[in-house]
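**Student:** Below is the file entry.csv, which contains CSV, C-alpha atoms.
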```csv
chain,number,residue,atom,x,y,z
S,1,MET,CA,104.3,116.3,95.2
S,2,SER,CA,104.9,114.4,98.3
S,3,ALA,CA,103.2,115.0,101.6
S,4,VAL,CA,106.5,115.5,103.3
S,5,ARG,CA,107.5,118.4,101.0
S,6,ALA,CA,104.1,120.0,101.4
S,7,SER,CA,104.3,119.9,105.2
S,8,ARG,CA,106.3,121.0,108.1
S,9,SER,CA,107.6,118.8,110.9
S,10,VAL,CA,106.6,119.3,114.5
S,11,GLY,CA,107.1,117.4,117.7
S,12,CYS,CA,104.4,115.9,119.8
S,13,THR,CA,104.0,114.2,123.1
S,14,SER,CA,103.3,110.6,123.6
S,15,VAL,CA,99.7,109.3,124.0
S,16,GLU,CA,100.4,108.7,127.7
S,17,GLU,CA,101.7,112.2,128.2
S,18,THR,CA,98.6,113.7,126.5
S,19,TYR,CA,95.9,111.4,127.9
S,20,GLY,CA,97.5,109.7,130.9
S,21,PRO,CA,98.5,106.1,131.2
S,22,ALA,CA,96.4,103.2,129.9
S,23,ARG,CA,94.1,101.5,132.3
S,24,GLY,CA,96.0,99.5,134.8
S,25,LYS,CA,99.4,101.1,133.8
S,26,THR,CA,101.5,103.7,135.5
S,27,LEU,CA,103.4,106.5,133.7
S,28,ARG,CA,107.0,106.5,134.6
S,29,SER,CA,110.2,108.1,133.3
S,30,ALA,CA,113.2,106.2,132.0
S,31,GLY,CA,115.2,105.1,135.0
S,32,GLN,CA,119.0,105.0,135.5
S,33,GLY,CA,120.5,103.2,132.6
S,34,GLU,CA,117.2,103.0,130.6
S,35,GLN,CA,116.7,104.7,127.4
S,36,ALA,CA,113.6,107.0,127.1
S,37,GLU,CA,111.2,106.3,124.3
S,38,PRO,CA,111.9,108.5,121.3
S,39,PRO,CA,109.3,111.2,120.7
S,40,VAL,CA,106.9,110.9,117.8
S,41,ILE,CA,107.8,113.4,115.0
S,42,THR,CA,104.7,114.4,113.1
S,43,VAL,CA,104.1,115.9,109.7
S,44,ALA,CA,101.2,118.4,109.9
S,45,ALA,CA,99.2,120.3,107.4
S,46,PRO,CA,100.8,123.5,106.2
S,47,ALA,CA,100.1,126.3,108.6
S,48,GLU,CA,97.8,128.1,106.2
S,49,LEU,CA,95.6,125.0,105.8
S,50,PRO,CA,93.4,124.1,108.8
S,51,SER,CA,93.4,120.4,109.6
S,52,LEU,CA,90.2,118.4,109.8
S,53,LEU,CA,91.8,116.1,112.3
S,54,ASP,CA,95.1,116.3,114.2
S,55,ARG,CA,95.6,113.9,117.0
S,56,THR,CA,97.7,111.1,118.5
S,57,PHE,CA,96.4,107.6,118.7
S,58,GLY,CA,97.1,104.2,120.2
S,59,ARG,CA,95.7,100.7,120.1
S,60,ASP,CA,92.5,101.7,121.9
S,61,ASP,CA,91.8,104.6,119.5
S,62,ILE,CA,91.7,102.8,116.1
S,63,THR,CA,87.9,102.6,115.9
S,64,VAL,CA,87.5,106.2,117.1
S,65,VAL,CA,90.0,107.5,114.6
S,66,ARG,CA,88.3,105.6,111.8
S,67,HIS,CA,85.0,107.2,112.7
S,68,GLN,CA,86.5,110.7,113.0
S,69,VAL,CA,88.1,110.3,109.5
S,70,THR,CA,84.8,109.2,108.1
S,71,ASP,CA,82.9,112.1,109.7
S,72,ARG,CA,85.4,114.7,108.6
S,73,LEU,CA,85.5,113.5,105.0
S,74,THR,CA,81.8,113.0,104.6
S,75,GLY,CA,81.5,116.7,105.7
S,76,ALA,CA,84.0,117.6,103.0
S,77,GLY,CA,81.9,115.9,100.3
S,78,LEU,CA,83.5,112.5,99.9
S,79,GLY,CA,81.2,109.6,99.9
S,80,GLY,CA,80.4,106.1,98.7
S,81,ASP,CA,83.1,103.6,97.7
S,82,ARG,CA,85.8,106.3,97.5
S,83,LEU,CA,85.2,107.3,101.1
S,84,GLN,CA,85.0,103.8,102.4
S,85,GLY,CA,88.2,102.8,100.5
S,86,PHE,CA,90.1,105.8,101.8
S,87,VAL,CA,89.0,105.1,105.4
S,88,LEU,CA,90.1,101.5,105.0
S,89,ALA,CA,93.5,102.6,103.8
S,90,VAL,CA,93.9,104.9,106.8
S,91,ASN,CA,92.8,102.1,109.1
S,92,GLU,CA,95.4,99.8,107.6
S,93,VAL,CA,98.2,102.4,108.0
S,94,ILE,CA,97.3,103.2,111.6
S,95,THR,CA,97.0,99.5,112.5
S,96,ASN,CA,100.5,99.0,111.1
S,97,VAL,CA,101.7,101.7,113.4
S,98,VAL,CA,100.1,100.1,116.4
S,99,LEU,CA,101.4,96.6,115.5
S,100,HIS,CA,104.8,97.3,114.1
S,101,ALA,CA,106.0,100.8,115.1
S,102,GLY,CA,105.8,101.2,118.9
S,103,GLY,CA,102.0,101.2,119.5
S,104,HIS,CA,101.2,104.8,119.0
S,105,GLY,CA,101.4,107.5,116.4
S,106,HIS,CA,100.0,110.8,115.1
S,107,ILE,CA,97.4,111.4,112.3
S,108,VAL,CA,96.7,114.7,110.5
S,109,LEU,CA,93.9,115.0,107.9
S,110,TRP,CA,93.5,118.1,105.8
S,111,LEU,CA,92.1,119.4,102.4
S,112,THR,CA,94.1,121.1,99.8
S,113,GLY,CA,93.9,121.5,96.0
S,114,GLY,CA,90.7,119.4,95.5
S,115,SER,CA,92.1,116.5,97.5
S,116,ALA,CA,92.1,115.1,101.0
S,117,TRP,CA,95.5,114.3,102.5
S,118,CYS,CA,96.2,112.2,105.5
S,119,THR,CA,99.6,111.7,107.1
S,120,VAL,CA,100.3,109.1,109.7
S,121,THR,CA,103.5,109.4,111.6
S,122,ASP,CA,105.2,107.0,114.1
S,123,ALA,CA,108.5,106.8,116.0
S,124,GLY,CA,109.2,103.2,114.9
S,125,PRO,CA,112.5,101.8,113.5
S,126,GLY,CA,111.5,102.6,109.9
S,127,ILE,CA,110.2,100.5,107.0
S,128,PRO,CA,112.6,97.9,105.6
S,129,GLU,CA,113.8,98.7,102.0
S,130,ARG,CA,111.9,95.8,100.4
S,131,TYR,CA,108.6,97.4,101.4
S,132,LEU,CA,109.2,100.9,100.1
S,133,SER,CA,108.1,100.4,96.5
S,134,PRO,CA,104.5,99.7,95.5
S,135,PRO,CA,103.9,96.0,96.6
S,136,GLU,CA,102.9,93.2,94.3
S,137,VAL,CA,99.6,91.5,94.8
S,138,PRO,CA,99.9,89.4,98.0
S,139,GLU,CA,99.6,85.6,97.6
S,140,ALA,CA,96.2,84.2,98.4
S,141,PHE,CA,97.2,82.3,101.5
S,142,GLU,CA,100.0,84.7,102.6
S,143,VAL,CA,99.4,85.9,106.2
S,144,GLY,CA,99.6,89.7,106.4
S,145,GLY,CA,101.2,92.0,103.9
S,146,ARG,CA,98.0,93.5,102.6
S,147,GLY,CA,97.8,96.9,104.4
S,148,ILE,CA,100.2,98.9,102.3
S,149,TRP,CA,99.0,97.0,99.1
S,150,LEU,CA,95.4,98.1,99.9
S,151,ALA,CA,96.5,101.7,100.5
S,152,TYR,CA,98.1,101.7,97.0
S,153,GLN,CA,94.9,100.3,95.5
S,154,LEU,CA,92.4,102.6,97.3
S,155,CYS,CA,94.3,106.0,97.2
S,156,ASP,CA,95.2,108.3,94.4
S,157,GLU,CA,98.6,108.8,95.9
S,158,VAL,CA,100.7,107.1,98.6
S,159,THR,CA,104.0,108.6,99.8
S,160,MET,CA,106.5,107.3,102.4
S,161,ALA,CA,109.3,108.9,104.3
S,162,THR,CA,111.1,106.5,106.6
S,163,GLY,CA,114.3,106.2,108.6
S,164,PRO,CA,115.6,105.0,111.9
S,165,ILE,CA,113.6,107.6,113.9
S,166,GLY,CA,110.2,106.9,112.4
S,167,THR,CA,108.0,106.9,109.3
S,168,THR,CA,105.4,109.1,107.8
S,169,VAL,CA,103.0,107.7,105.3
S,170,GLY,CA,100.9,110.1,103.2
S,171,LEU,CA,97.6,109.2,101.6
S,172,ARG,CA,95.8,111.3,99.1
S,173,ILE,CA,92.4,111.0,97.5
S,174,SER,CA,90.7,113.5,95.1
S,175,LEU,CA,87.5,115.0,96.3
S,176,PRO,CA,84.5,115.0,93.9
S,177,ARG,CA,83.8,118.3,92.0
S,178,ARG,CA,81.2,120.4,93.6
S,179,ASP,CA,78.8,119.8,90.6
S,180,GLN,CA,79.2,116.0,90.9
S,181,PRO,CA,77.0,114.2,93.4
S,182,PHE,CA,79.2,112.2,95.8
S,183,GLY,CA,79.3,108.5,95.3
S,184,LEU,CA,79.1,108.8,91.5
S,185,VAL,CA,82.2,108.6,89.4
S,186,ASN,CA,83.2,109.0,85.7
S,187,GLY,CA,80.1,111.0,84.8
S,188,ALA,CA,77.6,108.4,86.0
S,189,SER,CA,74.0,109.6,86.2
S,190,ALA,CA,71.8,109.5,89.2
S,191,GLY,CA,68.7,109.4,87.0
S,192,GLY,CA,67.1,106.2,85.7
```
Written as structure tokens, that's how I'd like the structure from this file.

**Tutor:**
Amino acid sequence: MSAVRASRSVGCTSVEETYGPARGKTLRSAGQGEQAEPPVITVAAPAELPSLLDRTFGRDDITVVRHQVTDRLTGAGLGGDRLQGFVLAVNEVITNVVLHAGGHGHIVLWLTGGSAWCTVTDAGPGIPERYLSPPEVPEAFEVGGRGIWLAYQLCDEVTMATGPIGTTVGLRISLPRRDQPFGLVNGASAGG
């Protein structure tokens, strides 16, 4: 099941429209002959599922978003290496949005069916075809190219929907069973 099929699309305003212009910048509309920036189209949690996090982000928000994802998922029972890996995957995806897709996007985090889902949506030009399948291991001295590869390594499922008006990346990780202490996997014992 992909995140896109399990979700509904909604529009959102830009970071600047929501929070005001960045320090030292002014907010202005597209002038005569200029094309306005396309709106970010987001994929949200289904209406019957409350989201743990639903917000826009930009370059200055990456650390805050990472901490918010960590806090929300810790409260949901995820911990240890699984939590840190998932947060790293989210960080890589939101950093890609900032660097390659217009500088701002929208993140939604929710729980369903024993898993945590995170969708990250942008209004960039789309992901080139060659990057849509699970990537090979990056070369040791290759610059860049590890973000999506890491997401595939650290998440239980990665989905992508992309096109000329933007991209949505879905990340899923299974939550531990209620009877399993978090941080322990594969039946490991907490006892000595």

**Student:** Kindly indicate which residue among S:Thr162, S:Thr56, S:Thr119, S:Thr112 lies nearest to S:Val93, using only C-alpha atoms for the distances.

**Tutor:**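 Among the listed residues, S:Thr119 lies closest to S:Val93.
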
**Student:** Go through S:Leu53, S:Val64, S:Ile173, S:Val90 and flag the residue nearest S:Glu157, using all atoms listed in the file for the distances.

**Tutor:** S:Ile173

**Student:** State, in Å with one decimal place, the distance from atom CA of S:Gly77 to atom CA of S:Arg172.

**Tutor:**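 Taking atom CA of S:Gly77 as the start and atom CA of S:Arg172 as the end point, the length is 14.7 Å.
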
**Student:** Take the point (109.0, 102.5, 117.2) in the file's coordinates, draw a sphere of radius 10 Å around it, and report as a ChimeraX atom specification every protein, DNA or RNA residue with an atom inside or on it, counting all atoms listed in the file.

**Tutor:** /S:37-40,97-105,122-126,164-167

**Student:** Which value, in Å to one decimal, gives the distance between atom CA of S:Arg130 and atom CA of S:Leu171?

**Tutor:**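 Computing it gives 19.6 Å between the two atoms.
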
**Student:** S:Val158: which residues within 10 Å, counting only C-alpha atoms, same-chain residues fewer than 5 positions away excluded, as a ChimeraX atom specification?

**Tutor:** /S:2-3,89,117-119,134,148,151-153,169-173

**Student:** Could the residues in this selection be written to a file with C-alpha atoms, as a CSV table (one decimal), keeping the file's coordinate frame?

**Tutor:**
```csv
chain,number,residue,atom,x,y,z
S,2,SER,CA,104.9,114.4,98.3
S,3,ALA,CA,103.2,115.0,101.6
S,89,ALA,CA,93.5,102.6,103.8
S,117,TRP,CA,95.5,114.3,102.5
S,118,CYS,CA,96.2,112.2,105.5
S,119,THR,CA,99.6,111.7,107.1
S,134,PRO,CA,104.5,99.7,95.5
S,148,ILE,CA,100.2,98.9,102.3
S,151,ALA,CA,96.5,101.7,100.5
S,152,TYR,CA,98.1,101.7,97.0
S,153,GLN,CA,94.9,100.3,95.5
S,169,VAL,CA,103.0,107.7,105.3
S,170,GLY,CA,100.9,110.1,103.2
S,171,LEU,CA,97.6,109.2,101.6
S,172,ARG,CA,95.8,111.3,99.1
S,173,ILE,CA,92.4,111.0,97.5
```

**Student:** Find the distance between atom CA of S:Leu175 and atom CA of S:Arg82 and write it in Å to one decimal.

**Tutor:** 8.9 Å

**Student:** Neighbouring residues of S:Leu132 were defined as those with any atom within 9 Å, considering only C-alpha atoms; residues of the same chain fewer than 3 positions away were excluded. Please report them as a PyMOL selection string.

**Tutor:** chain S and resi 127-129+135+160+162
